[in-house]
Amino acid sequence: MMSAAVLNLVAWSLQVAILVAAAALSARLLHVDAAGARYALWRLVLAGCLALPLLQPWQGREPLRGMQLSVNETGSTSSPLPAARAGSAGSTPRAAVRSASAAGAVAITVVLGAAFRLAWLTTGLCRLRRLRHLSAASRGVELAGELQTVMNVHADVRLVTTVGQPVTFGLRRPVVLLPASLARHPVEIQRAVVVHELWHVRRRDWAWVVAEEAVRSVLWFNPALWWLISRVQSCREEVVDELTVLVTNGRRSYLQALLAFAEAPLTFPATPFAARRHLFTRMLLVSKEASMSSTRIVGSCAGVLLVVTCAAAYAASAFPLTPAATAGPATQGQMPPRDLRRNEPRPATAREVRLQATVKAGSADPAAWLELATLQEQRGATAEAESTLIGMRAATPGSRQSYDALARLYSRNNQFDRAIGVLEEAIALAPSDPSGHQVLVTFLAEKTRDLSLTSAERLAYARKGIAGADSALAVDPYFVDALVYKSLLLRTQAGLEPDRSAQQRLLREAEAVRSQALALRSTSPRPASSGRRSDDLQPPPPPPPP
């Protein structure tokens with residue numbers, strides 16, 4: 001499975017595609033004809049798309065239970081058993097490697113694409129800065145001063161030969177660079193072009209253009225966002241077109257100005273005077289005077305926003321984002337160990353209070369201690385449960401129940417090293433008891449399934465588990481459970497070994513151990529202490545070669 005970040009990126013991209021499609025369709029059906037309303041509407045949709053991860057709940061899928069405690073047929077509590085079938089032990093490492101490689105390739109592609117686009121944007125900004133210095137000695141435009149006074153705006157307006165169409169940039173010291181060819185056009189066309197650019201200065205549109213290009217650079221892989229940003233920029237030009245016509249009162253001259261500079265490409269991060277992809281729509285809107293009542297504008301925009309909101313709710317439910325800790329089996333075990341003393345426990349029950357009095361009186365009954373620890377953990381007081389089990393260990397010396405219960409508590413709270421330490425203490429108390437070694441083996445076998453670990457770490461746990469199984473078999477050669485787990489761990493080790501010959505040797509050894517376990521199970525009436533059934537001994541398919 002690919003990493004949670006990549007999956008969330010794909011899910012968010014699909015959510016954005018649904019939102020943009022819903023907004024485009026509803027805006028077309030409801031006929032939002034006012035340029036200002038369209039511009040505000042598309043900017044709001046863009047902001048909603050970018051804020052989607054913050055506006056929706058992140059739904060964590062139920063994590064796979066890595067360990068589970070069960071009661072076997074004899075009534076004794078069994079050791080933690082693997083949650084998945086043994087047959088997947090050999091194949092999961094290679095699948096995990098392939099998934100990690102795919103996720104890494106996607107991440108590298110996204111980062112490299114964003115870096116390339118940001119480098120292009122930075123290069124464009126540097127070119128604009130260079131143009132500012134080169135144009136310092138250029139000739140100014142005579143009618144610019146009059147128009148700036150009328151529009152109450154200040155900018156440095158100059159004619160230069162290095163640009164093919166008007167360019168406006170800068171915030172504190174805005175600059176308007178006009179192509180030198182503009183001087184050969186009639187005054188009406190010159191006035192229309194200058195007024196258009198001065199409106200961009202007054203509205204500070206250049207800052208929005210840079211921000212939009214930065215977003216497009218980082219999220220370059222999302223075609224829906226490309227289209228949406230292009231729509232926002234087109235609507236911005238339509239708003240400025242309307243304002244320019246209001247000031248100049250000359251639609252014909254303005255249309256001629258648009259046609260005059262439509263062929264010149266713009267390679268700078270600035271607002272294009274006449275982008276060819278938007279030219280037809282802009283000329284069509286300029287040539288006719290759109291009339292739309294304020295009531296209809298509000299109603300149409302409200303309808304579009306309602307459709308977009310419903311689409312957002314559907315997209316969030318259809319393609320939910322998931323936290324990294326619960327995004328899938330590959331991320332299990334990646335959570336840092338929880339501090340048992342940071343829980344906010346609920347108040348103790350009456351039963352718990354009575355049990356506390358019993359154990360404080362010096363009771364040596366393990367059932368009372370275990371029940372008290374269970375009640376404390378259930379109400380969130382894991383630190384108290386830990387203290388209770390430690391007290392039980394002191395009150396019942398020589399009993400392994402307290403060690404097993406404490407190890408399970410640590411394991412449930414992602415403190416595996418502490419759990420292993422407790423189990424090793426229990427083994428040291430009774431080294432001749434094979435069941436103590438077997439409990440440790442089951443913990444280690446489950447840890448080998450933690451895909452957040454490296455192959456070397458999992459291999460070390462597998463080897464340690466095999467050594468533990470050998471210790472149990474040294475005490476009791478007829479211990480079927482130890483044989484079963486040794487066979488499983490040998491197969492896991494084979495799947496992690498890079499050497500093909502070593503892998504085949506381990507698989508042959510695993511098959512021999514499994515055959516020995518089957519023979520003992522069929523001939524011996526002795527029940528297995530871990531509660532494994534005979535059907536658990538069916539061999540999994542051998543893992544593929546690394």
# chains A, B, ... in the order shown; residues from 1 in each chain; ligands from 1

$ residues_around --residues "range 345-362 of chain A" --least-positions-apart "2" --cutoff "12 Å" --atoms "only C-alpha atoms" --output "PyMOL selection string"
chain A and resi 340-343+364-385+387-389+391-392+394-396

$ residues_around --residues "Val195 in chain A" --least-positions-apart "5" --cutoff "10 Å" --atoms "only C-alpha atoms" --output "PyMOL selection string"
chain A and resi 144+147-148+151+189-190+200-201+240-241+243-245+247-248

$ select_by_dssp --residues "range 108-202 of chain A" --states "alpha helix (DSSP H)" --output "PyMOL selection string"
chain A and resi 108-134+144-151+187-202

$ select_by_dssp --residues "range 152-254 of chain A" --states "strand (DSSP E or B)" --output "PyMOL selection string"
chain A and resi 156-160+167-169+175-179

$ residues_around --residues "Glu213 in chain A" --least-positions-apart "4" --cutoff "12 Å" --atoms "only C-alpha atoms" --output "PyMOL selection string"
chain A and resi 114+117-122+124-125+206-209+217-220+225-226+228-230+232-233+268-271

$ residues_around --residues "range 419-433 of chain A" --least-positions-apart "6" --cutoff "9 Å" --atoms "only C-alpha atoms" --output "number ranges by chain"
A: 398-400, 403-404, 406-411, 439-440, 443-444, 471-472, 475-476

$ write_last_selection --atoms "N, CA, C and O atoms" --output "PDB file, in the first residue's frame"
ATOM      1  N   GLY A 398       7.193 -15.343  42.291  1.00  0.00           N
ATOM      2  CA  GLY A 398       7.232 -16.654  41.657  1.00  0.00           C
ATOM      3  C   GLY A 398       6.102 -16.899  40.684  1.00  0.00           C
ATOM      4  O   GLY A 398       6.140 -17.853  39.915  1.00  0.00           O
ATOM      5  N   SER A 399       5.061 -16.029  40.669  1.00  0.00           N
ATOM      6  CA  SER A 399       3.944 -16.210  39.746  1.00  0.00           C
ATOM      7  C   SER A 399       4.232 -15.451  38.448  1.00  0.00           C
ATOM      8  O   SER A 399       4.672 -14.295  38.487  1.00  0.00           O
ATOM      9  N   ARG A 400       3.984 -16.110  37.326  1.00  0.00           N
ATOM     10  CA  ARG A 400       4.256 -15.478  36.042  1.00  0.00           C
ATOM     11  C   ARG A 400       3.084 -14.672  35.535  1.00  0.00           C
ATOM     12  O   ARG A 400       3.197 -13.955  34.535  1.00  0.00           O
ATOM     13  N   TYR A 403       3.736 -10.909  35.337  1.00  0.00           N
ATOM     14  CA  TYR A 403       4.663 -10.545  34.265  1.00  0.00           C
ATOM     15  C   TYR A 403       3.948 -10.539  32.912  1.00  0.00           C
ATOM     16  O   TYR A 403       4.130  -9.618  32.101  1.00  0.00           O
ATOM     17  N   ASP A 404       3.146 -11.573  32.663  1.00  0.00           N
ATOM     18  CA  ASP A 404       2.431 -11.647  31.396  1.00  0.00           C
ATOM     19  C   ASP A 404       1.449 -10.478  31.244  1.00  0.00           C
ATOM     20  O   ASP A 404       1.356  -9.855  30.181  1.00  0.00           O
ATOM     21  N   LEU A 406       1.550  -7.542  32.716  1.00  0.00           N
ATOM     22  CA  LEU A 406       2.275  -6.284  32.562  1.00  0.00           C
ATOM     23  C   LEU A 406       2.846  -6.155  31.150  1.00  0.00           C
ATOM     24  O   LEU A 406       2.832  -5.070  30.551  1.00  0.00           O
ATOM     25  N   ALA A 407       3.349  -7.259  30.601  1.00  0.00           N
ATOM     26  CA  ALA A 407       3.867  -7.221  29.235  1.00  0.00           C
ATOM     27  C   ALA A 407       2.762  -6.902  28.238  1.00  0.00           C
ATOM     28  O   ALA A 407       2.967  -6.135  27.285  1.00  0.00           O
ATOM     29  N   ARG A 408       1.585  -7.478  28.428  1.00  0.00           N
ATOM     30  CA  ARG A 408       0.472  -7.169  27.528  1.00  0.00           C
ATOM     31  C   ARG A 408       0.051  -5.705  27.644  1.00  0.00           C
ATOM     32  O   ARG A 408      -0.313  -5.067  26.651  1.00  0.00           O
ATOM     33  N   LEU A 409       0.093  -5.161  28.853  1.00  0.00           N
ATOM     34  CA  LEU A 409      -0.237  -3.749  29.038  1.00  0.00           C
ATOM     35  C   LEU A 409       0.746  -2.866  28.277  1.00  0.00           C
ATOM     36  O   LEU A 409       0.341  -1.922  27.571  1.00  0.00           O
ATOM     37  N   TYR A 410       2.029  -3.156  28.402  1.00  0.00           N
ATOM     38  CA  TYR A 410       3.033  -2.374  27.671  1.00  0.00           C
ATOM     39  C   TYR A 410       2.849  -2.529  26.158  1.00  0.00           C
ATOM     40  O   TYR A 410       3.007  -1.565  25.403  1.00  0.00           O
ATOM     41  N   SER A 411       2.535  -3.737  25.733  1.00  0.00           N
ATOM     42  CA  SER A 411       2.364  -3.965  24.299  1.00  0.00           C
ATOM     43  C   SER A 411       1.179  -3.195  23.749  1.00  0.00           C
ATOM     44  O   SER A 411       1.252  -2.623  22.653  1.00  0.00           O
ATOM     45  N   VAL A 439       5.871 -17.489  25.347  1.00  0.00           N
ATOM     46  CA  VAL A 439       5.199 -16.190  25.367  1.00  0.00           C
ATOM     47  C   VAL A 439       6.086 -15.128  24.720  1.00  0.00           C
ATOM     48  O   VAL A 439       5.626 -14.301  23.913  1.00  0.00           O
ATOM     49  N   LEU A 440       7.372 -15.158  25.053  1.00  0.00           N
ATOM     50  CA  LEU A 440       8.300 -14.219  24.437  1.00  0.00           C
ATOM     51  C   LEU A 440       8.373 -14.429  22.928  1.00  0.00           C
ATOM     52  O   LEU A 440       8.433 -13.467  22.147  1.00  0.00           O
ATOM     53  N   PHE A 443       5.396 -12.785  21.119  1.00  0.00           N
ATOM     54  CA  PHE A 443       5.547 -11.326  21.031  1.00  0.00           C
ATOM     55  C   PHE A 443       6.512 -10.958  19.900  1.00  0.00           C
ATOM     56  O   PHE A 443       6.259 -10.041  19.114  1.00  0.00           O
ATOM     57  N   LEU A 444       7.632 -11.671  19.827  1.00  0.00           N
ATOM     58  CA  LEU A 444       8.626 -11.376  18.797  1.00  0.00           C
ATOM     59  C   LEU A 444       8.094 -11.716  17.404  1.00  0.00           C
ATOM     60  O   LEU A 444       8.382 -11.001  16.427  1.00  0.00           O
ATOM     61  N   SER A 471      15.091 -22.327  22.761  1.00  0.00           N
ATOM     62  CA  SER A 471      15.228 -22.442  24.223  1.00  0.00           C
ATOM     63  C   SER A 471      14.069 -23.228  24.813  1.00  0.00           C
ATOM     64  O   SER A 471      14.252 -24.059  25.714  1.00  0.00           O
ATOM     65  N   ALA A 472      12.851 -22.975  24.298  1.00  0.00           N
ATOM     66  CA  ALA A 472      11.692 -23.732  24.780  1.00  0.00           C
ATOM     67  C   ALA A 472      11.802 -25.204  24.408  1.00  0.00           C
ATOM     68  O   ALA A 472      11.484 -26.093  25.210  1.00  0.00           O
ATOM     69  N   VAL A 475      14.105 -27.273  26.583  1.00  0.00           N
ATOM     70  CA  VAL A 475      13.489 -27.725  27.832  1.00  0.00           C
ATOM     71  C   VAL A 475      12.498 -28.843  27.565  1.00  0.00           C
ATOM     72  O   VAL A 475      12.430 -29.836  28.303  1.00  0.00           O
ATOM     73  N   ASP A 476      11.701 -28.684  26.500  1.00  0.00           N
ATOM     74  CA  ASP A 476      10.666 -29.673  26.168  1.00  0.00           C
ATOM     75  C   ASP A 476      10.696 -29.911  24.656  1.00  0.00           C
ATOM     76  O   ASP A 476      10.119 -29.145  23.883  1.00  0.00           O
TER      77      ASP A 476
END

$ atom_distance --atom1 "CA of Arg158 in chain A" --atom2 "CA of Ala257 in chain A"
17.3 Å

$ atom_distance --atom1 "CA of Glu146 in chain A" --atom2 "CA of Arg282 in chain A"
26.8 Å

$ closest_residue --among "A:Pro174, A:Gly299, A:Gly36, A:Gly48" --to "Ala312 in chain A" --atoms "only C-alpha atoms"
A:Gly48

$ closest_residue --among "A:Ser522, A:Ser317, A:Gln493, A:Thr109" --to "Phe221 in chain A" --atoms "only C-alpha atoms"
A:Thr109

$ closest_residue --among "A:Ala510, A:Leu52, A:Val480, A:Ala302" --to "Ala37 in chain A" --atoms "only C-alpha atoms"
A:Ala302

$ decode --residues "range 206-218 of chain A" --atoms "C-alpha atoms" --output "PDB file, in the first residue's frame"
ATOM      1  CA  TRP A 206       0.029  41.739  -9.348  1.00  0.00           C
ATOM      2  CA  ALA A 207       0.247  40.374  -5.797  1.00  0.00           C
ATOM      3  CA  TRP A 208      -2.687  38.054  -6.483  1.00  0.00           C
ATOM      4  CA  VAL A 209      -1.128  36.897  -9.744  1.00  0.00           C
ATOM      5  CA  VAL A 210       2.141  35.963  -8.011  1.00  0.00           C
ATOM      6  CA  ALA A 211       0.263  34.126  -5.250  1.00  0.00           C
ATOM      7  CA  GLU A 212      -1.833  32.218  -7.792  1.00  0.00           C
ATOM      8  CA  GLU A 213       1.227  31.246  -9.809  1.00  0.00           C
ATOM      9  CA  ALA A 214       2.932  30.045  -6.622  1.00  0.00           C
ATOM     10  CA  VAL A 215      -0.078  27.853  -5.827  1.00  0.00           C
ATOM     11  CA  ARG A 216      -0.113  26.542  -9.383  1.00  0.00           C
ATOM     12  CA  SER A 217       3.615  25.775  -9.129  1.00  0.00           C
ATOM     13  CA  VAL A 218       3.321  23.801  -5.899  1.00  0.00           C
TER      14      VAL A 218
END
